[in-house]
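Trainee: Pasting target24.pdb below, which is PDB, C-alpha atoms and all ligand atoms.
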ATOM      1  CA  MET A   1      -2.683  15.189   9.179
ATOM      2  CA  SER A   2      -1.535  11.679   8.384
ATOM      3  CA  ILE A   3      -1.207   8.927  10.945
ATOM      4  CA  ASP A   4       2.530   8.787  10.182
ATOM      5  CA  THR A   5       3.010  12.381  11.267
ATOM      6  CA  ILE A   6       1.172  11.680  14.491
ATOM      7  CA  LYS A   7       3.227   8.557  15.138
ATOM      8  CA  ASN A   8       6.461  10.477  14.682
ATOM      9  CA  PHE A   9       5.495  12.693  17.567
ATOM     10  CA  ASP A  10       4.763   9.765  19.853
ATOM     11  CA  ILE A  11       1.219  10.737  20.644
ATOM     12  CA  GLU A  12      -0.719   8.105  22.476
ATOM     13  CA  ILE A  13      -4.482   7.872  22.864
ATOM     14  CA  THR A  14      -5.489   6.865  26.368
ATOM     15  CA  ARG A  15      -8.776   6.191  28.122
ATOM     16  CA  SER A  16      -9.360   5.370  31.770
ATOM     17  CA  ASP A  17      -9.847   1.814  32.989
ATOM     18  CA  PRO A  18     -13.317   1.689  34.652
ATOM     19  CA  VAL A  19     -12.080  -0.854  37.203
ATOM     20  CA  CYS A  20      -8.883   0.696  38.575
ATOM     21  CA  GLY A  21      -9.078   4.199  37.054
ATOM     22  CA  MET A  22      -5.671   3.983  35.399
ATOM     23  CA  ASP A  23      -5.032   5.688  32.045
ATOM     24  CA  VAL A  24      -4.621   2.920  29.482
ATOM     25  CA  SER A  25      -3.199   3.136  25.970
ATOM     26  CA  LEU A  26      -6.040   2.455  23.536
ATOM     27  CA  GLU A  27      -3.710   0.850  21.021
ATOM     28  CA  LYS A  28      -2.192  -1.530  23.584
ATOM     29  CA  ALA A  29      -5.581  -2.499  25.016
ATOM     30  CA  LEU A  30      -6.954  -3.264  21.552
ATOM     31  CA  THR A  31      -3.857  -5.261  20.594
ATOM     32  CA  LYS A  32      -4.123  -7.328  23.763
ATOM     33  CA  HIS A  33      -7.913  -7.675  23.389
ATOM     34  CA  LEU A  34      -8.425  -6.006  26.759
ATOM     35  CA  PHE A  35     -11.669  -4.313  25.793
ATOM     36  CA  HIS A  36     -15.335  -4.920  26.319
ATOM     37  CA  ILE A  37     -18.401  -3.412  24.663
ATOM     38  CA  TYR A  38     -21.124  -2.762  27.175
ATOM     39  CA  GLY A  39     -24.201  -0.577  26.681
ATOM     40  CA  HIS A  40     -22.913   0.783  23.346
ATOM     41  CA  LYS A  41     -19.738   1.949  25.012
ATOM     42  CA  GLU A  42     -16.303   0.452  24.645
ATOM     43  CA  TYR A  43     -14.370  -0.011  27.861
ATOM     44  CA  ILE A  44     -10.665  -0.753  27.914
ATOM     45  CA  PHE A  45      -8.540  -2.279  30.653
ATOM     46  CA  CYS A  46      -4.947  -2.181  31.882
ATOM     47  CA  SER A  47      -4.710  -5.913  32.549
ATOM     48  CA  SER A  48      -6.566  -9.210  32.299
ATOM     49  CA  GLU A  49      -7.378  -8.917  36.036
ATOM     50  CA  CYS A  50      -9.336  -5.703  35.480
ATOM     51  CA  PHE A  51     -10.882  -7.180  32.332
ATOM     52  CA  ASN A  52     -12.069 -10.250  34.263
ATOM     53  CA  ASP A  53     -13.409  -8.158  37.154
ATOM     54  CA  PHE A  54     -15.465  -6.160  34.661
ATOM     55  CA  GLU A  55     -16.653  -9.286  32.796
ATOM     56  CA  ASN A  56     -17.841 -10.851  36.044
ATOM     57  CA  ASP A  57     -19.950  -7.864  37.021
ATOM     58  CA  PRO A  58     -20.033  -5.117  34.383
ATOM     59  CA  HIS A  59     -23.103  -3.505  35.911
ATOM     60  CA  ARG A  60     -21.222  -2.757  39.114
ATOM     61  CA  TYR A  61     -18.552  -0.708  37.336
ATOM     62  CA  VAL A  62     -20.928   0.959  34.915
ATOM     63  CA  SER A  63     -23.390   1.934  37.670
ATOM     64  CA  GLU A  64     -20.655   3.419  39.841
ATOM     65  CA  GLU A  65     -20.199   6.042  37.154
ATOM     66  CA  ILE A  66     -16.568   6.639  37.794
ATOM     67  CA  TYR A  67     -16.478   8.173  34.335
ATOM     68  CA  GLY A  68     -17.240  11.830  33.782
ATOM     69  CA  GLU A  69     -14.906  13.372  36.343
ATOM     70  CA  MET A  70     -12.615  16.211  35.329
ATOM     71  CA  ALA A  71      -9.406  14.851  33.879
ATOM     72  CA  GLY A  72      -7.830  18.230  33.066
ATOM     73  CA  VAL A  73      -8.001  20.662  30.168
ATOM     74  CA  CYS A  74      -6.543  20.379  26.686
ATOM     75  CA  GLU A  75      -3.227  22.230  26.632
ATOM     76  CA  LEU A  76      -3.917  23.606  23.166
ATOM     77  CA  CYS A  77      -7.599  24.567  22.967
ATOM     78  CA  GLY A  78      -8.513  24.566  26.674
ATOM     79  CA  LYS A  79     -11.395  22.123  26.271
ATOM     80  CA  GLU A  80     -12.370  20.274  29.443
ATOM     81  CA  MET A  81     -11.586  16.572  29.374
ATOM     82  CA  ARG A  82     -13.381  13.955  31.433
ATOM     83  CA  THR A  83     -12.501  10.440  32.513
ATOM     84  CA  GLY A  84     -13.832   7.803  30.132
ATOM     85  CA  GLU A  85     -13.209  10.028  27.106
ATOM     86  CA  ASP A  86     -10.277   9.497  24.795
ATOM     87  CA  ILE A  87      -7.373  11.683  25.796
ATOM     88  CA  ALA A  88      -4.314  12.231  23.620
ATOM     89  CA  THR A  89      -1.075  12.236  25.584
ATOM     90  CA  ALA A  90       2.393  13.160  24.411
ATOM     91  CA  MET A  91       5.729  13.066  26.158
ATOM     92  CA  ILE A  92       7.775  16.211  25.643
ATOM     93  CA  LYS A  93      11.197  16.127  27.257
ATOM     94  CA  GLY A  94      10.068  13.631  29.861
ATOM     95  CA  GLU A  95       6.914  15.554  30.739
ATOM     96  CA  MET A  96       3.438  14.249  30.044
ATOM     97  CA  HIS A  97       1.109  16.646  28.199
ATOM     98  CA  LYS A  98      -2.611  16.031  27.704
ATOM     99  CA  PHE A  99      -4.883  17.027  24.836
ATOM    100  CA  CYS A 100      -8.520  16.525  23.847
ATOM    101  CA  CYS A 101      -7.615  14.945  20.489
ATOM    102  CA  PRO A 102      -4.574  13.860  18.419
ATOM    103  CA  THR A 103      -4.946  16.948  16.220
ATOM    104  CA  CYS A 104      -4.536  19.319  19.179
ATOM    105  CA  ALA A 105      -1.565  17.272  20.361
ATOM    106  CA  SER A 106       0.193  17.359  17.006
ATOM    107  CA  VAL A 107      -0.417  21.097  16.531
ATOM    108  CA  TYR A 108       0.958  21.764  20.018
ATOM    109  CA  LEU A 109       3.979  19.559  19.391
ATOM    110  CA  LYS A 110       4.717  21.168  16.039
ATOM    111  CA  ASP A 111       4.567  24.666  17.548
ATOM    112  CA  ASN A 112       6.666  23.528  20.453
ATOM    113  CA  LEU A 113       9.365  22.062  18.224
ATOM    114  CA  LYS A 114       9.321  25.086  15.923
ATOM    115  CA  LEU A 115       9.812  27.495  18.825
ATOM    116  CA  LYS A 116      12.761  25.521  20.102
ATOM    117  CA  GLY A 117      14.185  25.078  16.624
ATOM    118  CA  GLU A 118      14.445  21.329  16.910
ATOM    119  CA  GLY A 119      13.521  18.980  14.100
ATOM    120  CA  ASN A 120      13.035  15.885  16.151
ATOM    121  CA  VAL A 121      12.992  14.875  19.789
TER     122      VAL A 121
HETATM  123 ZN    ZN B   1      -6.923  -1.706  35.608
HETATM  124 ZN    ZN B   2      -7.961  20.462  22.216
END
For this file, write the structure as structure tokens.
Mentor:
Amino acid sequence: MSIDTIKNFDIEITRSDPVCGMDVSLEKALTKHLFHIYGHKEYIFCSSECFNDFENDPHRYVSEEIYGEMAGVCELCGKEMRTGEDIATAMIKGEMHKFCCPTCASVYLKDNLKLKGEGNV
């Protein structure tokens, strides 16, 4: 599966912001440099405010352990997903679908498009 194929389907990788809990696009956070490596883990943020809050007191957010809560199950393979893990999201006809990885998302999307007989959405 090439990156191009994945991009065509508009799959986005998100991870939750440890400060506000929002799902943040990994690509956008990396482009805007809104990430911080702490304790061998990479945290990403929705905004510079959250980034600064974390920088000022990373231990507070890391020790609260807001990560690890159930964030749903993969719509293709049924794997449990938890906050703080990378989650692949895809918009299908205005509805948000969540998957454990980009591969699951692209397989689901392909099947979905095949069933409906549509080449592109
Ligand atoms: Zn935030
Ligand atoms: Zn999956």
Trainee: Could you please extract the residues within 6 Å of ligand ZN 1 (chain B), counting only C-alpha atoms and all ligand atoms, and hand them back as JSON, numbers by chain?
Mentor: {"A": [17, 19, 20, 22, 45, 46, 47, 50]}
Trainee: What does the distance between CA of Tyr67 (chain A) and CA of Ala29 (chain A) come to in Å, to one decimal place?
Mentor: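 Interatomic distance here is 17.9 Å.
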Trainee: Ligand ZN 2 (chain B): which residues are within 9 Å, counting only C-alpha atoms and all ligand atoms? Reply as number ranges by chain.
Mentor: A: 73-81, 98-105
Trainee: Restrict the selected residues to C-alpha atoms and save them as a short mmCIF file (atom, residue, chain, number, x, y, z; two decimals), keeping the file's coordinate frame.
Mentor:
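What ended up in result.cif:
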data_model
loop_
_atom_site.label_atom_id
_atom_site.label_comp_id
_atom_site.auth_asym_id
_atom_site.auth_seq_id
_atom_site.Cartn_x
_atom_site.Cartn_y
_atom_site.Cartn_z
CA VAL A 73 -8.00 20.66 30.17
CA CYS A 74 -6.54 20.38 26.69
CA GLU A 75 -3.23 22.23 26.63
CA LEU A 76 -3.92 23.61 23.17
CA CYS A 77 -7.60 24.57 22.97
CA GLY A 78 -8.51 24.57 26.67
CA LYS A 79 -11.40 22.12 26.27
CA GLU A 80 -12.37 20.27 29.44
CA MET A 81 -11.59 16.57 29.37
CA LYS A 98 -2.61 16.03 27.70
CA PHE A 99 -4.88 17.03 24.84
CA CYS A 100 -8.52 16.52 23.85
CA CYS A 101 -7.62 14.94 20.49
CA PRO A 102 -4.57 13.86 18.42
CA THR A 103 -4.95 16.95 16.22
CA CYS A 104 -4.54 19.32 19.18
CA ALA A 105 -1.56 17.27 20.36
#
Trainee: Using only C-alpha atoms, can you tell me which of A:Val107, A:Leu113, A:Asn56, A:Gly84 comes closest to Glu69 (chain A)?
Mentor: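 Ranking A:Val107, A:Leu113, A:Asn56, A:Gly84 by distance to Glu69 (chain A), first place goes to A:Gly84.
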Trainee: Of the candidates A:Ile11, A:Met70, A:Met91, A:Ile44, which shows the shortest atom-to-atom distance to Asp23 (chain A), using only C-alpha atoms?
Mentor: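 Of A:Ile11, A:Met70, A:Met91, A:Ile44, the one nearest Asp23 (chain A) is A:Ile44, counting only C-alpha atoms.
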Trainee: What is the CA of His33 (chain A)-CA of Asp57 (chain A) distance in Å, reported with one decimal?
Mentor: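 Computed distance, CA of His33 (chain A) to CA of Asp57 (chain A), equals 18.2 Å.
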Trainee: Restricting the calculation to all atoms listed in the file, which member of A:Glu95, A:Asp53, A:Glu85, A:Glu12 is positioned closest to Leu26 (chain A)?
Mentor: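 Using all atoms listed in the file, the shortest distance to Leu26 (chain A) belongs to A:Glu12.
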Trainee: Just the number, please: distance in Å from CA of Tyr61 (chain A) to CA of Ser25 (chain A), one decimal.
Mentor: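 Distance reported for this atom pair: 19.5 Å.
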Trainee: Choose the residue, out of A:Val62, A:Met96, A:Ile13, A:Ala71, that has the smallest atom-to-atom separation from Lys41 (chain A); count all atoms listed in the file.
Mentor: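 Comparing A:Val62, A:Met96, A:Ile13, A:Ala71 against Lys41 (chain A), the winner is A:Val62.
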Trainee: For Glu49 (chain A), which of A:Leu34, A:Leu109, A:Ile92, A:Val24 is the closest residue, counting all atoms listed in the file?
Mentor: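 For Glu49 (chain A), the nearest of the given residues is A:Leu34.
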Trainee: Measuring between all atoms listed in the file, which one of A:Ser106, A:Ser48, A:Asn112, A:Thr89 shows the shortest distance to Gly72 (chain A)?
Mentor: A:Thr89
